[in-house]
>>> print(open('input.txt').read())   # compact mmCIF, C-alpha atoms and all ligand atoms
# COMPACT_ATOMS: atom_id res chain seq x y z
CA MET A 1 118.24 42.03 88.04
CA GLU A 2 118.51 39.66 91.02
CA VAL A 3 115.72 39.93 93.60
CA PRO A 4 116.20 37.72 96.65
CA PHE A 5 113.18 36.48 98.57
CA LEU A 6 114.65 37.83 101.78
CA ASP A 7 117.92 39.66 102.48
CA LEU A 8 119.02 39.16 106.06
CA LYS A 9 122.64 39.94 105.28
CA SER A 10 122.05 43.64 104.64
CA GLN A 11 119.94 43.95 107.81
CA ASN A 12 122.63 42.19 109.85
CA SER A 13 125.45 44.33 108.51
CA SER A 14 123.54 47.53 109.35
CA LEU A 15 123.23 46.32 112.96
CA ARG A 16 126.80 45.05 113.52
CA ASP A 17 127.86 48.06 115.58
CA GLU A 18 124.88 47.70 117.89
CA ILE A 19 124.91 43.91 118.31
CA LEU A 20 128.62 43.05 118.49
CA PRO A 21 129.48 45.06 121.67
CA ARG A 22 126.60 43.32 123.46
CA TRP A 23 127.80 39.92 122.33
CA GLU A 24 131.35 40.79 123.44
CA GLU A 25 130.03 41.70 126.88
CA ILE A 26 128.22 38.36 127.10
CA LEU A 27 131.34 36.52 125.97
CA ALA A 28 133.48 38.35 128.53
CA SER A 29 131.04 37.76 131.38
CA ALA A 30 130.12 34.22 130.24
CA GLY A 31 126.53 35.07 131.16
CA PHE A 32 124.99 33.01 128.38
CA ILE A 33 121.87 31.75 130.15
CA GLY A 34 119.34 34.22 131.59
CA GLY A 35 120.57 37.61 132.75
CA HIS A 36 119.69 41.21 131.99
CA TYR A 37 119.50 40.84 128.20
CA VAL A 38 116.77 38.21 128.54
CA THR A 39 114.76 40.11 131.16
CA GLY A 40 115.35 43.40 129.31
CA PHE A 41 114.06 41.96 126.05
CA GLU A 42 111.07 40.38 127.81
CA HIS A 43 110.17 43.72 129.32
CA GLY A 44 110.54 45.55 126.00
CA PHE A 45 108.56 43.00 123.99
CA ALA A 46 105.73 42.86 126.56
CA GLN A 47 105.47 46.65 126.33
CA ALA A 48 105.58 46.62 122.53
CA CYS A 49 102.71 44.10 122.45
CA ASN A 50 100.71 45.91 125.15
CA SER A 51 100.83 42.78 127.20
CA ARG A 52 101.56 42.47 130.93
CA TYR A 53 104.04 39.60 130.64
CA CYS A 54 106.48 38.22 128.10
CA VAL A 55 108.41 35.02 128.70
CA ALA A 56 111.21 34.38 126.20
CA VAL A 57 111.65 30.76 125.14
CA ASN A 58 113.64 28.69 122.67
CA SER A 59 111.28 28.89 119.66
CA GLY A 60 107.77 29.66 118.52
CA THR A 61 107.06 25.95 118.67
CA ASP A 62 108.04 25.84 122.36
CA ALA A 63 105.95 28.96 122.97
CA LEU A 64 102.84 27.24 121.56
CA ARG A 65 103.50 23.93 123.31
CA PHE A 66 104.22 25.56 126.68
CA ILE A 67 101.04 27.65 126.49
CA LEU A 68 98.93 24.55 125.87
CA LEU A 69 100.65 22.70 128.73
CA ALA A 70 100.12 25.70 131.02
CA LEU A 71 96.43 25.61 130.06
CA ASP A 72 96.44 22.00 131.29
CA LEU A 73 95.36 20.38 128.04
CA GLN A 74 94.43 16.76 128.75
CA PRO A 75 94.58 13.70 126.46
CA GLY A 76 91.64 13.81 124.05
CA ASP A 77 90.92 17.51 124.57
CA GLU A 78 90.12 19.09 121.21
CA VAL A 79 91.66 22.26 119.83
CA ILE A 80 90.30 23.97 116.72
CA THR A 81 92.74 25.45 114.22
CA VAL A 82 93.43 25.78 110.48
CA PRO A 83 95.12 23.48 107.97
CA ASN A 84 97.03 26.28 106.18
CA THR A 85 99.74 26.95 108.70
CA PHE A 86 103.22 25.76 109.53
CA ILE A 87 103.09 22.35 111.21
CA ALA A 88 104.38 23.81 114.50
CA THR A 89 100.84 25.01 115.28
CA THR A 90 99.47 21.47 115.26
CA GLU A 91 102.62 19.77 116.60
CA ALA A 92 102.08 21.83 119.74
CA ILE A 93 98.50 20.54 120.10
CA SER A 94 99.51 16.87 119.69
CA GLN A 95 102.64 17.17 121.80
CA ALA A 96 100.64 18.74 124.63
CA GLY A 97 98.33 15.70 124.45
CA GLY A 98 95.43 17.29 122.56
CA LYS A 99 93.48 16.40 119.45
CA ILE A 100 93.72 18.60 116.36
CA VAL A 101 90.40 19.71 114.82
CA PHE A 102 90.78 21.51 111.50
CA ILE A 103 88.31 23.95 110.01
CA ASP A 104 88.48 25.81 106.72
CA ILE A 105 89.70 29.36 106.18
CA ASP A 106 88.17 32.60 104.96
CA PRO A 107 88.75 33.01 101.19
CA LEU A 108 89.65 36.70 101.51
CA THR A 109 91.95 36.80 104.54
CA TYR A 110 93.29 33.19 104.43
CA ASN A 111 92.72 33.19 108.22
CA ILE A 112 90.39 30.95 110.24
CA ASP A 113 86.77 31.32 109.08
CA PRO A 114 84.83 32.29 112.22
CA THR A 115 81.54 31.16 110.66
CA LYS A 116 82.83 27.58 110.68
CA ILE A 117 83.92 27.44 114.33
CA GLU A 118 80.66 26.64 116.10
CA ALA A 119 79.93 23.58 113.96
CA ALA A 120 83.30 22.11 115.01
CA ILE A 121 82.72 22.54 118.77
CA THR A 122 82.03 19.35 120.75
CA PRO A 123 81.88 18.67 124.52
CA LYS A 124 85.64 17.91 124.29
CA THR A 125 86.63 21.23 122.72
CA LYS A 126 88.88 23.28 124.99
CA GLY A 127 90.16 26.06 122.78
CA ILE A 128 90.83 27.74 119.46
CA ILE A 129 94.18 28.67 117.91
CA PRO A 130 93.75 31.31 115.21
CA VAL A 131 96.95 31.91 113.22
CA HIS A 132 97.57 35.51 112.13
CA LEU A 133 98.81 34.23 108.80
CA TYR A 134 101.31 36.24 106.76
CA GLY A 135 101.08 39.01 109.40
CA GLN A 136 97.35 39.75 109.13
CA PRO A 137 95.34 39.41 112.37
CA ALA A 138 92.49 36.91 112.42
CA GLU A 139 88.93 38.13 113.13
CA MET A 140 89.55 38.13 116.88
CA ASP A 141 86.40 39.85 118.23
CA THR A 142 84.11 37.28 116.60
CA ILE A 143 86.41 34.41 117.62
CA ASN A 144 86.59 35.63 121.24
CA LYS A 145 82.79 36.03 121.36
CA ILE A 146 82.25 32.45 120.21
CA ALA A 147 84.90 31.23 122.65
CA ALA A 148 83.28 33.06 125.58
CA LYS A 149 79.87 31.63 124.70
CA HIS A 150 81.27 28.07 124.81
CA ASN A 151 83.73 28.59 127.67
CA LEU A 152 86.81 28.03 125.50
CA TRP A 153 90.20 29.73 125.55
CA VAL A 154 91.74 31.46 122.53
CA VAL A 155 95.51 31.26 121.97
CA GLU A 156 96.98 33.43 119.22
CA ASP A 157 99.60 31.91 116.93
CA ALA A 158 101.25 35.29 116.36
CA CYS A 159 104.47 33.77 115.02
CA GLN A 160 104.12 35.80 111.79
CA ALA A 161 102.49 38.92 113.25
CA HIS A 162 104.94 40.92 115.41
CA LEU A 163 103.25 44.24 116.27
CA ALA A 164 100.34 43.70 113.87
CA GLU A 165 97.20 45.52 115.02
CA TYR A 166 93.57 44.51 115.23
CA HIS A 167 91.11 47.37 115.91
CA GLY A 168 93.93 49.36 117.50
CA ARG A 169 95.05 46.46 119.72
CA LYS A 170 98.31 44.59 119.29
CA ALA A 171 98.64 40.96 118.25
CA GLY A 172 99.80 39.16 121.36
CA SER A 173 97.22 40.88 123.55
CA LEU A 174 94.07 39.51 121.91
CA GLY A 175 93.65 36.10 123.54
CA VAL A 176 94.52 34.33 126.77
CA ALA A 177 98.13 34.02 125.54
CA ALA A 178 100.10 34.34 122.31
CA ALA A 179 103.07 32.60 120.76
CA PHE A 180 105.76 34.44 118.79
CA SER A 181 108.61 33.01 116.73
CA PHE A 182 111.89 34.84 116.28
CA TYR A 183 113.18 32.42 113.64
CA PRO A 184 115.75 34.48 111.67
CA GLY A 185 113.46 35.23 108.70
CA LYS A 186 110.58 36.55 110.80
CA ASN A 187 109.79 40.30 110.99
CA LEU A 188 111.64 40.22 114.32
CA GLY A 189 114.26 37.53 113.83
CA ALA A 190 116.97 36.28 116.17
CA CYS A 191 120.41 35.12 115.04
CA GLY A 192 119.35 31.53 115.66
CA ASP A 193 116.20 30.07 117.21
CA ALA A 194 114.11 31.95 119.75
CA GLY A 195 110.48 32.61 120.61
CA ALA A 196 108.23 34.18 123.24
CA VAL A 197 104.90 33.95 124.99
CA THR A 198 102.92 37.07 125.80
CA THR A 199 100.01 37.00 128.22
CA ASN A 200 98.13 39.15 130.74
CA ASP A 201 97.65 36.15 133.03
CA PRO A 202 100.28 35.96 135.80
CA GLN A 203 99.63 32.25 136.37
CA ILE A 204 100.26 31.38 132.73
CA ALA A 205 103.44 33.50 132.72
CA ASP A 206 104.69 31.74 135.88
CA GLN A 207 103.88 28.31 134.47
CA ILE A 208 105.77 29.04 131.25
CA ARG A 209 108.81 30.26 133.21
CA ILE A 210 108.79 26.93 135.07
CA LEU A 211 108.16 24.81 131.96
CA ARG A 212 111.00 26.44 129.99
CA ASP A 213 113.42 25.60 132.80
CA HIS A 214 112.95 21.88 133.57
CA GLY A 215 110.00 22.42 135.87
CA GLN A 216 112.20 24.35 138.31
CA GLU A 217 110.51 26.75 140.70
CA LYS A 218 113.95 27.54 142.05
CA LYS A 219 117.30 25.93 141.34
CA TYR A 220 117.11 22.12 141.71
CA HIS A 221 113.55 22.26 143.06
CA HIS A 222 111.35 20.75 140.34
CA ILE A 223 107.59 20.96 140.80
CA SER A 224 107.10 18.99 137.58
CA GLU A 225 109.10 17.77 134.63
CA GLY A 226 109.66 20.54 132.14
CA PHE A 227 111.84 21.30 129.15
CA ASN A 228 115.12 22.89 128.21
CA GLY A 229 113.25 25.71 126.47
CA ARG A 230 114.99 28.93 127.46
CA CYS A 231 116.00 31.81 125.20
CA ASP A 232 119.72 32.49 125.62
CA ALA A 233 121.41 35.86 126.21
CA ILE A 234 123.06 35.94 122.77
CA GLN A 235 119.63 35.81 121.09
CA ALA A 236 117.99 38.18 123.59
CA ALA A 237 120.72 40.81 123.07
CA ALA A 238 120.25 40.72 119.28
CA LEU A 239 116.47 40.79 119.68
CA GLN A 240 116.63 43.78 122.02
CA VAL A 241 118.59 45.71 119.38
CA LYS A 242 116.26 44.66 116.57
CA LEU A 243 113.08 45.42 118.54
CA LYS A 244 113.92 49.14 118.40
CA HIS A 245 113.91 48.97 114.58
CA LEU A 246 110.84 46.76 114.22
CA PRO A 247 108.15 49.49 113.91
CA GLN A 248 110.07 51.13 111.08
CA TRP A 249 110.76 47.76 109.38
CA ASN A 250 107.04 46.91 109.56
CA GLU A 251 106.23 50.32 108.07
CA ALA A 252 108.66 49.62 105.22
CA ARG A 253 106.95 46.25 104.61
CA ARG A 254 103.55 47.99 104.44
CA HIS A 255 105.00 50.53 102.03
CA ASN A 256 106.34 47.69 99.84
CA ALA A 257 102.98 45.93 99.98
CA ALA A 258 101.22 49.14 98.89
CA LEU A 259 103.55 49.40 95.89
CA TYR A 260 102.87 45.75 94.94
CA HIS A 261 99.14 46.51 95.21
CA LYS A 262 99.46 49.59 93.02
CA LEU A 263 101.52 47.90 90.32
CA LEU A 264 99.56 44.63 90.22
CA LYS A 265 96.00 45.89 90.62
CA ASN A 266 93.42 44.85 88.04
CA ILE A 267 95.71 42.26 86.42
CA LYS A 268 93.54 39.38 85.26
CA GLY A 269 94.86 36.15 86.74
CA ILE A 270 96.38 37.66 89.89
CA THR A 271 94.50 37.73 93.20
CA LEU A 272 96.07 40.20 95.60
CA PRO A 273 95.90 39.88 99.40
CA THR A 274 92.93 41.60 101.04
CA GLN A 275 93.51 43.88 104.00
CA THR A 276 90.91 43.43 106.73
CA GLU A 277 89.18 46.61 107.84
CA ASN A 278 90.53 48.15 111.04
CA CYS A 279 93.66 46.01 110.92
CA LEU A 280 97.28 46.98 110.51
CA PRO A 281 98.99 43.95 108.96
CA VAL A 282 102.78 43.57 109.08
CA TYR A 283 103.23 41.67 105.80
CA HIS A 284 105.54 38.96 107.02
CA LEU A 285 104.82 37.59 103.54
CA PHE A 286 103.20 39.07 100.45
CA VAL A 287 101.18 36.23 98.98
CA ILE A 288 99.22 36.30 95.73
CA LEU A 289 97.09 33.60 94.09
CA VAL A 290 97.78 32.61 90.47
CA ASP A 291 96.81 29.70 88.23
CA ASP A 292 99.68 27.42 87.09
CA ARG A 293 101.58 28.60 90.12
CA ASN A 294 104.61 26.30 89.67
CA GLN A 295 105.05 27.43 86.07
CA VAL A 296 104.87 31.09 87.14
CA MET A 297 107.37 30.51 89.95
CA THR A 298 109.85 28.82 87.59
CA ALA A 299 109.53 31.68 85.09
CA LEU A 300 110.16 34.23 87.88
CA ASN A 301 113.20 32.24 89.03
CA GLU A 302 114.55 32.29 85.47
CA LYS A 303 114.35 36.09 85.59
CA GLY A 304 116.43 36.17 88.79
CA ILE A 305 113.45 36.59 91.14
CA SER A 306 113.17 34.32 94.16
CA ALA A 307 109.56 33.48 94.93
CA ALA A 308 108.50 30.90 97.53
CA LEU A 309 105.54 28.78 98.68
CA HIS A 310 103.83 29.11 102.09
CA TYR A 311 102.40 26.44 102.30
CA PRO A 312 101.95 24.19 99.24
CA VAL A 313 100.52 21.14 101.06
CA PRO A 314 97.79 21.83 103.64
CA LEU A 315 98.37 20.03 106.92
CA HIS A 316 95.40 17.65 106.59
CA ARG A 317 97.00 16.29 103.37
CA GLN A 318 100.40 15.70 105.00
CA LYS A 319 101.61 12.14 105.59
CA ALA A 320 102.08 13.09 109.26
CA TYR A 321 98.28 13.36 109.56
CA ALA A 322 97.27 10.50 107.24
CA GLU A 323 95.45 8.76 110.12
CA MET A 324 92.98 11.66 110.25
CA ASN A 325 91.65 10.41 106.89
CA LEU A 326 90.87 13.87 105.65
CA GLU A 327 90.46 13.49 101.90
CA GLU A 328 91.10 16.11 99.26
CA GLY A 329 87.97 18.30 99.30
CA SER A 330 87.71 18.38 103.11
CA PHE A 331 88.73 22.06 103.26
CA PRO A 332 88.25 23.46 99.75
CA VAL A 333 89.34 27.03 100.46
CA ALA A 334 92.60 26.01 102.14
CA GLU A 335 93.23 23.51 99.34
CA GLU A 336 92.68 26.06 96.60
CA CYS A 337 95.04 28.48 98.33
CA ALA A 338 97.67 25.76 98.66
CA ARG A 339 97.40 25.09 94.90
CA LYS A 340 97.58 28.73 93.81
CA LEU A 341 99.57 30.70 96.36
CA LEU A 342 102.87 32.30 95.54
CA SER A 343 104.93 34.41 97.96
CA LEU A 344 106.69 37.32 96.28
CA PRO A 345 109.91 38.82 97.68
CA MET A 346 109.13 40.79 100.84
CA PHE A 347 111.53 42.40 103.29
CA PRO A 348 111.97 45.98 104.55
CA GLU A 349 115.03 46.82 102.46
CA LEU A 350 113.40 45.81 99.14
CA THR A 351 113.79 48.74 96.70
CA LYS A 352 111.22 50.38 94.44
CA GLU A 353 113.26 49.21 91.43
CA GLN A 354 113.21 45.61 92.64
CA ILE A 355 109.44 45.65 93.26
CA THR A 356 108.85 47.26 89.87
CA TYR A 357 110.99 44.58 88.21
CA VAL A 358 109.07 41.79 90.02
CA CYS A 359 105.72 43.27 88.94
CA GLU A 360 106.76 43.88 85.32
CA SER A 361 108.16 40.34 85.09
CA LEU A 362 105.06 38.84 86.65
CA LYS A 363 102.74 40.71 84.27
CA GLU A 364 104.75 39.56 81.27
CA ILE A 365 104.69 35.93 82.47
CA ILE A 366 100.95 35.97 83.18
CA LEU A 367 100.07 37.64 79.84
CA ASN A 368 102.19 35.19 77.85
CA LYS A 369 100.95 32.04 79.57
C1 LIG B 401 102.54 30.24 111.94
C2 LIG B 401 103.74 29.68 112.64
N1 LIG B 401 103.58 28.99 113.79
C3 LIG B 401 104.62 28.49 114.46
C4 LIG B 401 105.92 28.63 114.00
C5 LIG B 401 107.04 28.00 114.75
O1 LIG B 401 108.05 28.87 115.14
P1 LIG B 401 109.56 28.35 115.34
O2 LIG B 401 110.11 28.04 113.98
O3 LIG B 401 110.25 29.51 115.98
O4 LIG B 401 109.51 27.16 116.21
C6 LIG B 401 106.14 29.36 112.83
C7 LIG B 401 107.51 29.60 112.34
O5 LIG B 401 107.99 29.10 111.39
C8 LIG B 401 105.04 29.88 112.11
O6 LIG B 401 105.20 30.56 110.97
>>> encode(input="input.txt", output="structure tokens", more="lines below")
Ligand SMILES: Cc1ncc(COP(=O)(O)O)c(C=O)c1O
Amino acid sequence: MEVPFLDLKSQNSSLRDEILPRWEEILASAGFIGGHYVTGFEHGFAQACNSRYCVAVNSGTDALRFILLALDLQPGDEVITVPNTFIATTEAISQAGGKIVFIDIDPLTYNIDPTKIEAAITPKTKGIIPVHLYGQPAEMDTINKIAAKHNLWVVEDACQAHLAEYHGRKAGSLGVAAAFSFYPGKNLGACGDAGAVTTNDPQIADQIRILRDHGQEKKYHHISEGFNGRCDAIQAAALQVKLKHLPQWNEARRHNAALYHKLLKNIKGITLPTQTENCLPVYHLFVILVDDRNQVMTALNEKGISAALHYPVPLHRQKAYAEMNLEEGSFPVAEECARKLLSLPMFPELTKEQITYVCESLKEIILNK
């Protein structure tokens, strides 16, 4: 049996009849930039995240960078985050002029370890970026409490956590602002690149609208330099259609995760993801820890199962950050995860038969190692 890691083609074909008429309208009107699809999607996504404002941008990376610029990060200002994330999180800090400060992660949730935050705070610290990794919200109440005590802001990297919930509140409404990615493979994916910022702060929302559009307050009146960072109508129209289906897709992901849990529980050699109490994760990825991870992945591939790695080299061990001189051993939990993690196929349309086949194959591989 073939089990893909992700199957966007079947999702796209089920949405053809909803998306194509909208794209035809855009083509006919030539309204590619801005317009009602962009504002309509912004309105819908803000509502879905229980946030006052949503500003659609070109990517999750732009969303993060624009938030940090709107918060007026200055050269040398320090921002605390984790080493087990996609590099966009830290690119945004550097590109906004800040200094990256890594801390280790919690061994159960793989999210930022709140007990390690205070030791990393210096007079130059301005904020914290927790990443809701794999779709599971970080421990936001504790993080926000620490931030308030030290007068810091908290920006959510919610790029993997569309509509995830923390204590009944939606990701995207838990900090001063949040960044979302709509990269095609995300739980809510565009048909190209797109992203968004959600915030309850009208000043941040205004700033991001200006930054995404070359610093323009109105046409050809630039209050600062900005970026070409808009989300186009083609993407917004597709996203508006997909947003309606997102709650049910997330539910299907949780259902798939529950089946993985049931079929893989108590298998020696497999560590399953832990679900934080009072959280509703959205399982952007289903990540297990196994020894001899590369060997296990190759064996799964040979059985027709696509597994993947998110992320095999922690950021502090990347060549891009060699000047930070952070040796192996600096963040032992993140390093161990990077060595052992393995992402199993996860998407809403995954069938019971496919999940059963993945689990049976995995058990056989682990037992025969
Ligand atoms: C945790 C995280 N942060 C940021 C990003 C960047 O988003 P984008 O690829 O839309 O720029 C991603 C997406 O890959 C991500 O997973």
>>> closest_residue(input="input.txt", among="A:Asp141, A:Glu42, A:Glu91, A:Asp213", to="ligand LIG 401 (chain B)", atoms="all atoms listed in the file")
A:Glu91
>>> residues_around(input="input.txt", residues="Lys369 in chain A", least_positions_apart="3", cutoff="12 Å", atoms="all atoms listed in the file", output="ChimeraX atom specification")
/A:268-269,290-293,295-296,299,362-366
>>> closest_residue(input="input.txt", among="A:Lys262, A:Arg52, A:His222, A:Arg65", to="Gly172 in chain A", atoms="all atoms listed in the file")
A:Arg52
>>> closest_residue(input="input.txt", among="A:Leu20, A:Ala96, A:Val154, A:Ala179", to="ligand LIG 401 (chain B)", atoms="all atoms listed in the file")
A:Ala179
>>> residues_near_ligand(input="input.txt", ligand="ligand LIG 401 (chain B)", cutoff="8 Å", atoms="all atoms listed in the file", output="PyMOL selection string")
chain A and resi 58-64+85-89+131-133+157-160+179-183+186+193-195
>>> residues_around(input="input.txt", residues="Pro273 in chain A", least_positions_apart="2", cutoff="7 Å", atoms="all atoms listed in the file", output="short mmCIF file (atom, residue, chain, number, x, y, z; two decimals) with C-alpha atoms, keeping the file's coordinate frame")
data_model
loop_
_atom_site.label_atom_id
_atom_site.label_comp_id
_atom_site.auth_asym_id
_atom_site.auth_seq_id
_atom_site.Cartn_x
_atom_site.Cartn_y
_atom_site.Cartn_z
CA THR A 271 94.50 37.73 93.20
CA GLN A 275 93.51 43.88 104.00
CA VAL A 287 101.18 36.23 98.98
CA ILE A 288 99.22 36.30 95.73
#
>>> residues_near_point(input="input.txt", point="(85.1, 37.6, 116.3)", cutoff="12 Å", atoms="only C-alpha atoms", output="PyMOL selection string")
chain A and resi 111-118+128+130+137-149+154+166-167+174-175
>>> residues_around(input="input.txt", residues="Ala48 in chain A", least_positions_apart="6", cutoff="9 Å", atoms="only C-alpha atoms", output="PDB file with C-alpha atoms, keeping the file's coordinate frame")
ATOM      1  CA  LEU A 163     103.250  44.240 116.270  1.00  0.00           C
ATOM      2  CA  LYS A 170      98.310  44.590 119.290  1.00  0.00           C
ATOM      3  CA  LEU A 243     113.080  45.420 118.540  1.00  0.00           C
TER       4      LEU A 243
END
>>> closest_residue(input="input.txt", among="A:Asp104, A:Asp17, A:Glu277, A:Glu353", to="Pro332 in chain A", atoms="only C-alpha atoms")
A:Asp104
>>> residues_around(input="input.txt", residues="range 280-282 of chain A", least_positions_apart="5", cutoff="8 Å", atoms="only C-alpha atoms", output="list in words")
Tyr134, Gly135, Gln136, Pro137, Ala161, His162, Leu163, Ala164, Glu165, Tyr166, Asn187, Asn250, Glu251, Arg253, Arg254 and Gln275 of chain A
>>> residues_near_point(input="input.txt", point="(116.9, 39.3, 132.7)", cutoff="12 Å", atoms="all atoms listed in the file", output="PyMOL selection string")
chain A and resi 31-44+54-56+230-233+236-237+240
>>> residues_around(input="input.txt", residues="range 315-317 of chain A", least_positions_apart="5", cutoff="10 Å", atoms="all atoms listed in the file", output="list in words")
Val82, Pro83, Asn84, Thr85, Phe86, Ile87, Thr90, Ile100, Val101, Phe102, Ala322, Glu323, Met324, Asn325, Leu326, Glu327, Glu328, Ser330, Phe331, Ala334 and Glu335 of chain A
>>> atom_distance(input="input.txt", atom1="CA of Trp153 in chain A", atom2="CA of Gln318 in chain A")
26.9 Å
>>> decode(input="input.txt", residues="range 233-248 of chain A", atoms="N, CA and C atoms", output="short mmCIF file (atom, residue, chain, number, x, y, z; two decimals), in the first residue's frame")
data_model
loop_
_atom_site.label_atom_id
_atom_site.label_comp_id
_atom_site.auth_asym_id
_atom_site.auth_seq_id
_atom_site.Cartn_x
_atom_site.Cartn_y
_atom_site.Cartn_z
N ALA A 233 -5.28 38.38 -4.38
CA ALA A 233 -6.69 37.96 -4.39
C ALA A 233 -6.85 36.48 -4.73
N ILE A 234 -5.98 35.97 -5.60
CA ILE A 234 -6.06 34.55 -5.98
C ILE A 234 -5.91 33.67 -4.74
N GLN A 235 -4.92 34.01 -3.90
CA GLN A 235 -4.70 33.22 -2.68
C GLN A 235 -5.85 33.43 -1.69
N ALA A 236 -6.26 34.70 -1.53
CA ALA A 236 -7.31 34.99 -0.54
C ALA A 236 -8.61 34.27 -0.90
N ALA A 237 -8.93 34.20 -2.20
CA ALA A 237 -10.17 33.53 -2.62
C ALA A 237 -10.11 32.04 -2.27
N ALA A 238 -8.96 31.41 -2.53
CA ALA A 238 -8.82 29.98 -2.20
C ALA A 238 -8.88 29.79 -0.68
N LEU A 239 -8.24 30.71 0.04
CA LEU A 239 -8.21 30.59 1.51
C LEU A 239 -9.61 30.76 2.11
N GLN A 240 -10.37 31.67 1.51
CA GLN A 240 -11.74 31.90 2.01
C GLN A 240 -12.59 30.63 1.87
N VAL A 241 -12.41 29.96 0.74
CA VAL A 241 -13.13 28.69 0.53
C VAL A 241 -12.67 27.65 1.55
N LYS A 242 -11.34 27.54 1.69
CA LYS A 242 -10.80 26.49 2.57
C LYS A 242 -11.10 26.73 4.04
N LEU A 243 -11.19 28.01 4.42
CA LEU A 243 -11.44 28.34 5.84
C LEU A 243 -12.74 27.69 6.34
N LYS A 244 -13.73 27.63 5.45
CA LYS A 244 -15.02 27.03 5.84
C LYS A 244 -14.85 25.56 6.22
N HIS A 245 -13.89 24.90 5.58
CA HIS A 245 -13.69 23.46 5.81
C HIS A 245 -12.70 23.17 6.94
N LEU A 246 -11.99 24.21 7.37
CA LEU A 246 -10.88 23.98 8.31
C LEU A 246 -11.30 23.30 9.62
N PRO A 247 -12.40 23.72 10.28
CA PRO A 247 -12.75 23.04 11.54
C PRO A 247 -12.93 21.53 11.36
N GLN A 248 -13.56 21.17 10.24
CA GLN A 248 -13.81 19.73 10.03
C GLN A 248 -12.51 19.01 9.63
#
